[in-house]
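Peer 1: I am attaching a structure below and will ask some questions about it afterwards.
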Amino acid sequence: MSRAMKITVALLVFGVVLGGIYFQGLLDRVLRLAQPARTEEQSRREVLQPPIATPSDKTVKAKIFWASVETPGALQPVEVELALSAETVQRAKQVLNMLVAGPPAPELRTLPADAALLEFYLLEDGTAIADFSGELSTGTPSGILSEQRAAESIARTLESNVPGLTRLKILIHGQEAETLAGHLDLSGYFTLAPPAAAPEKPPGKLTASGSAVKLPR
Amino acid sequence: MECSFSGILLSVRFVKPILIVGSLCAAAMLLLAQHTPPSATPTPQTAAPPVAQAPATRQTLNVVVLDPGHGGTDSGARGGSGIVEKEVTMSLARAVQAQLELQGFQVVLTRQPDEGPTLDERAATANAQRGAVFISLHVSSIGAVGTAMAFYMPAAPTSETKPGPETSGRPLVRWQEAQQAYAAQSRKLAELIQIQLGQKLRGSAEVPQAVAVRQLRSVMLPAVAVELSSVAAADRKPLDQATPALAEAVARAVAAFKAAYEAGAI
């Protein structure tokens with residue numbers, strides 16, 4: 001093999017190695033870009049929604065209304081052992097955060113995973129104002145049944161666990177929204193029944209033994 | 001003096017026969033009144049009590065306003081298999097229209113295939129009709145495929161139905177609450193539709209749901225929404241198969257509603 005040929009082969013090998021290294025870097029960049037970018041809402045939620053703990057927290061069996069396994073479109077309460085505050089606003093935030101973040105299975109979810117409860121206010125007359133991030137609107141599947149199920153899961157979870165609430169107003173990013181996702185009218189209030197009068201259904205049984213599900217906080 | 005005395009005597013002489021004739025006339029009128037049929041002489045005491053919101057004369061119901069949900073740039077719900085709600089709702093509307101026209105109804109559509117009017121424009125189309133009902137057609141994202149549900153606007157709590165601010169003594173009905181006056185009729189129409197859906201689309205619920213559907217709130221007619229499940233179907237076949245049954249169910253229910261409405265039972 002002539003010297004020139006050896007140099008050519010060496011250059012080619014060097015080029016292939018260099019190309020391989022560049023290709024690997026390119027592949028990593030493409031894979032990084034292919035991953036869904038973290039939304040502003042997700043980052044905001046991480047900052048705004050650390051686990052809420054208050055001195056009056058007491059572990060109770062909370063009823064969280066997630067989607068029914070047996071009846072499509074319906075809700076079913078699931079008993080969850082949860083540390084809940086005695087203070088109404090904190091208690092409401094705790095159960096709503098569990099409703100968003102804690103369904104035991106994805107098919108039980110009623111609210112979008114990246115929706116965040118931005119704020120919760122309570123007026124003197126018992127009016128509860130739940131202010132959600134825009135993901136509640138953009139992430140809820142469009143349709144009368146799905147939107148109604150989402151709002152109903154919020155209302156029933158509140159009325160089953162937080163005493164003293166008379167009605168609920170849902171805001172999106174601090175503003176009144178015309179609809180949740182194109183159908184459900186959000187211009188009014190949802191009437192809440194007190195816990196004792198709230199309609200009861202047998203608690204959900206998600207485990208084989210039928211015991212209540214204990215979820216990590 | 002003498003003159004005035006004779007005048008009085010003269011008066012008494014004439015008054016007596018006048019009184020007798022008058023009494024006879026009064027007795028005759030009384031007898032006539034007793035024998036006259038009551039319907040010919042309605043009195044305030046026997047008239048039917050007024051019904052709130054009821055029109056003075058009951059109209060015939062010949063028009064159905066069909067609202068194919070979404071349209072234009074608003075595609076509505078989208079399924080993973082590519083099902084687009086606005087296309088299915090248009091197909092549903094055409095099928096329901098055909099069935100209603102067979103029953104003799106005049107059908108008004110709120111949009112054409114490539115149009116996307118606003119919700120208030122759709123309500124305005126409906127409110128321009130007389131002797132009509134409004135049906136908004138949708139396809140859900142969830143629910144058992146091939147089932148359908150009818151929805152009506154829930155009646156607002158008493159505290160929220162009080163009239164709005166008054167202007168020169170006229171109560172102002174809020175545009176957002178225009179449907180409230182028709183809540184009972186809308187509920188009846190939804191019940192009739194859901195009964196038919198339960199019979200024709202297996203697995204559908206037996207009773208409709210009261211939901212604050214934005215599309216209904218400003219419609220001043222008996223108004224319901226009907227939603228077929230769902231865009232989550234693997235393909236359009238089950239939805240296309242359900243369409244004729246849904247159309248027939250709606251047409252039969254509207255015909256039943258018309259009969260009850262025109263008879264004054266609703």
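Residue numbering restarts at 1 in every chain; chains get A, B, ... in the order shown in the structure tokens, and ligands count up from 1 in that same order.
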Using only C-alpha atoms, I'd like a table of the residues in chain A that come within 7 Å of chain B; for each, show the closest atom pair and its distance in Å rounded to one decimal, ordered by chain and ascending number, as a Markdown table.
Peer 2:
```
| residue | atom | partner | partner_atom | distance |
| --- | --- | --- | --- | --- |
| A:Pro72 | CA | B:Gly143 | CA | 4.7 |
| A:Gly73 | CA | B:Gly143 | CA | 5.1 |
| A:Pro141 | CA | B:Ser141 | CA | 5.9 |
| A:Ser142 | CA | B:Ala77 | CA | 5.2 |
| A:Gly143 | CA | B:Ser140 | CA | 4.6 |
| A:Ile144 | CA | B:Ser140 | CA | 6.6 |
| A:Leu145 | CA | B:Ser140 | CA | 6.4 |
| A:Ser146 | CA | B:Ile142 | CA | 6.1 |
| A:Thr179 | CA | B:Arg214 | CA | 6.8 |
| A:His183 | CA | B:Arg214 | CA | 5.4 |
| A:Leu184 | CA | B:Val213 | CA | 5.0 |
| A:Asp185 | CA | B:Arg214 | CA | 4.6 |
```
Peer 1: One decimal, in Å: what's the spacing between atom CA of Leu171 of chain A and atom CA of Ala83 of chain A?
Peer 2: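 Interatomic distance here is 26.1 Å.
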Peer 1: Calculate how many Å separate atom CA of Lys258 of chain B from atom CA of Gln199 of chain B, rounding to one decimal.
Peer 2: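 The value is 19.9 Å.
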Peer 1: How many Å lie between atom CA of Ile135 of chain B and atom CA of Ala181 of chain A, rounded to one decimal?
Peer 2: 19.8 Å
